[in-house]
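*Asks:* The following block contains the structure, expressed as structure tokens.
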Amino acid sequence: MNSDAAKEILSAYRSRDRDGADPIFHEALNQMESDSVLKKWFEEQQDLDQTIREKLASIEPPADLQAKILARIRGEKVRRFALPQVWLAAAACLVVAGIALFYSNRQTGPDRFQEFKSDAMAMVSVQGGPALDLRTPDLSETQSYLRDHQAPRDVAIPTRLQSMETAGCRAFVWKDNPASLTCFRLPDGRLLHLVVIDRKAMGNADIPVGFKSVGDWHVMFQEKGGMLMMWATQAPMEQLKQMVVKARWEGARGRRGVVGQGEGSQRSLLWPARRLAGLRC
């Protein structure tokens with residue numbers, strides 16, 4: 001793990017008492033100890049979080065708040081000061097709206113996807129490989145296991161991966177949403193990880209299109225059949241493209257058959273370009 005990947009993971013770290021024992025953060029914390037720049041950034045983030053917590057903890061309600069509430073419940077008048085009814089209604093609306101906005105953003109906002117990506121990367125980048133429920137070289141066994149455990153999976157594995165050995169699979173739950181992990185063994189011995197989860201788990205977050213680099217990892221996201229799929233590997237980017245994208249295109253082209261003549265030929269020539277233009281990663 002390099003410093004960029006560690007920073008991505010540590011951005012979700014809250015505090016030592018809440019996350020200090022979580023194995024997801026162990027490797028990132030070790031990387032921080034050997035990188036002074038990363039350590040300085042992390043300490044500044046922790047100081048900022050602590051300042052915010054202290055500020056929130058220092059907020060105290062008015063001394064007569066309880067009396068006002070009880071008086072309102074009993075239909076009595078508050079002796080010191082009574083807010084106009086319209087002000088109370090407006091304040092109540094603001095409080096409710098603020099709570100609704102907070103939970104809406106927390107559950108379905110743009111940060112939802114970033115949190116999922118950080119957690120998924122932390123899971124697959126564990127030293128020695130991710131924890132798996134089932135270890136087997138047989139892809140069909142992994143898919144049967146995921147089906148039996150009601151975990152989402154890719155029902156159309158790319159052609160080049162169908163004959164490839166796997167390291168195994170895992171069925172897990174991310175924030176009350178079932179998800180799965182399938183690990184393929186590439187010819188050079190490295191792993192290609194596939195994480196699948198229901199797209200609805202991301203709420204209204206935008207999903208990035210195309211290939212991305214996260215430290216020394218290469219990733220690609222796809223939306224297909226109502227599912228969100230994350231492919232991740234430390235193999236070269238071109239190898240990831242060959243395994244995931246080119247295999248799909250070549251398999252589809254094979255089903256179309258040999259290019260013919262005339263109008264049919266024009267449709268066959270145009271089809272791959274349309275297919276690639278419409279591909280959502």
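Ordering of the structure tokens sets the chain letters (A, B, ...); residue numbers start at 1 within each chain; ligands are numbered from 1 in the order shown.
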Quick one: pick out all helix (DSSP H, G or I) residues within region 31-233 of chain A from a backbone DSSP run and write them as number ranges by chain.

*Replies:* A: 31-33, 36-57, 65-74, 85-108, 111-124, 139-148, 159-162, 199-202

*Asks:* Give me the residues near region 42-58 of chain A as a PyMOL selection string, where near means some atom within 8 Å (using only C-alpha atoms) and where sequence neighbours in that chain fewer than 3 positions away do not count.

*Replies:* chain A and resi 10+14-15+38-39

*Asks:* Residues at most 6 Å from Leu194 (chain A), counting only C-alpha atoms, excluding those fewer than 3 positions away in the same chain, as a PyMOL selection string?

*Replies:* chain A and resi 181-182+230-231

*Asks:* Using only C-alpha atoms, which residue out of A:Asp64, A:Asp206, A:Asp119, A:Asp188 lies closest to Lys175 (chain A)?

*Replies:* A:Asp119

*Asks:* Which value, in Å to one decimal, gives the distance between CA of Ile207 (chain A) and CA of Met227 (chain A)?

*Replies:*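 Between CA of Ile207 (chain A) and CA of Met227 (chain A) the gap works out to 11.7 Å.
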
*Asks:* Could you work out how far CA of Ala122 (chain A) lies from CA of Val214 (chain A), giving the answer in Å with one decimal?

*Replies:* 11.4 Å

*Asks:* Do a neighbour search on Met229 (chain A) at 10 Å with only C-alpha atoms, toss out local chain neighbours closer than 6 positions, and write the hits as an NGL selection string.

*Replies:* :A and (152-154 or 179-181 or 194-199 or 220-223 or 281)

*Asks:* Let's have the selection written as a PDB file, in the first residue's frame, with C-alpha atoms.

*Replies:*
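Written output follows (part_1.pdb):
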```pdb
ATOM      1  CA  PRO A 152     -25.599  -9.933  -5.608  1.00  0.00           C
ATOM      2  CA  ARG A 153     -23.270 -11.100  -8.375  1.00  0.00           C
ATOM      3  CA  ASP A 154     -22.390 -10.492 -12.007  1.00  0.00           C
ATOM      4  CA  ALA A 179     -22.770  -7.248  -1.375  1.00  0.00           C
ATOM      5  CA  SER A 180     -20.265  -9.742  -2.731  1.00  0.00           C
ATOM      6  CA  LEU A 181     -16.581 -10.081  -3.558  1.00  0.00           C
ATOM      7  CA  LEU A 194     -14.974  -7.809  -8.382  1.00  0.00           C
ATOM      8  CA  VAL A 195     -17.216  -6.143  -5.774  1.00  0.00           C
ATOM      9  CA  VAL A 196     -20.973  -6.116  -6.524  1.00  0.00           C
ATOM     10  CA  ILE A 197     -23.707  -4.207  -4.655  1.00  0.00           C
ATOM     11  CA  ASP A 198     -27.192  -2.905  -5.417  1.00  0.00           C
ATOM     12  CA  ARG A 199     -26.967   0.490  -7.159  1.00  0.00           C
ATOM     13  CA  MET A 220     -13.292   0.609 -12.965  1.00  0.00           C
ATOM     14  CA  PHE A 221     -16.962   1.032 -12.037  1.00  0.00           C
ATOM     15  CA  GLN A 222     -19.914  -0.315 -14.016  1.00  0.00           C
ATOM     16  CA  GLU A 223     -23.666  -0.062 -13.643  1.00  0.00           C
ATOM     17  CA  CYS A 281     -18.088   1.781 -16.598  1.00  0.00           C
TER      18      CYS A 281
END
```

*Asks:* Between CA of Ala201 (chain A) and CA of Pro236 (chain A), what is the spacing in Å?

*Replies:*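 Going from CA of Pro236 (chain A) over to CA of Ala201 (chain A) covers 29.5 Å.
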
*Asks:* Using only C-alpha atoms for the distances, tell me which of A:Tyr145, A:Gln150, A:Ser213, A:Pro137 is nearest to Pro178 (chain A).

*Replies:* A:Gln150

*Asks:* With a distance cut-off of 10 Å and only C-alpha atoms, select the neighbouring residues of Asp138 (chain A), excluding the residue or stretch itself and same-chain residues fewer than 5 positions from it, and output the selection as a list of chain:residue names.

*Replies:*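 The contact residues come out as A:Gln143, A:Gln162, A:Ser163, A:Met164, A:Glu165, A:Thr166, A:Ala167, A:Gly168, A:Phe184.
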
*Asks:* Measuring between only C-alpha atoms, which one of A:Val245, A:Cys183, A:Leu240, A:Ala171 shows the shortest distance to Leu139 (chain A)?

*Replies:*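 Once distances to Leu139 (chain A) are computed over only C-alpha atoms, the minimum belongs to A:Cys183.
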
*Asks:* Just checking: using only C-alpha atoms, which residue out of A:Pro61, A:Arg185, A:Cys169, A:Ala28 ends up closest to Glu141 (chain A)?

*Replies:* A:Cys169
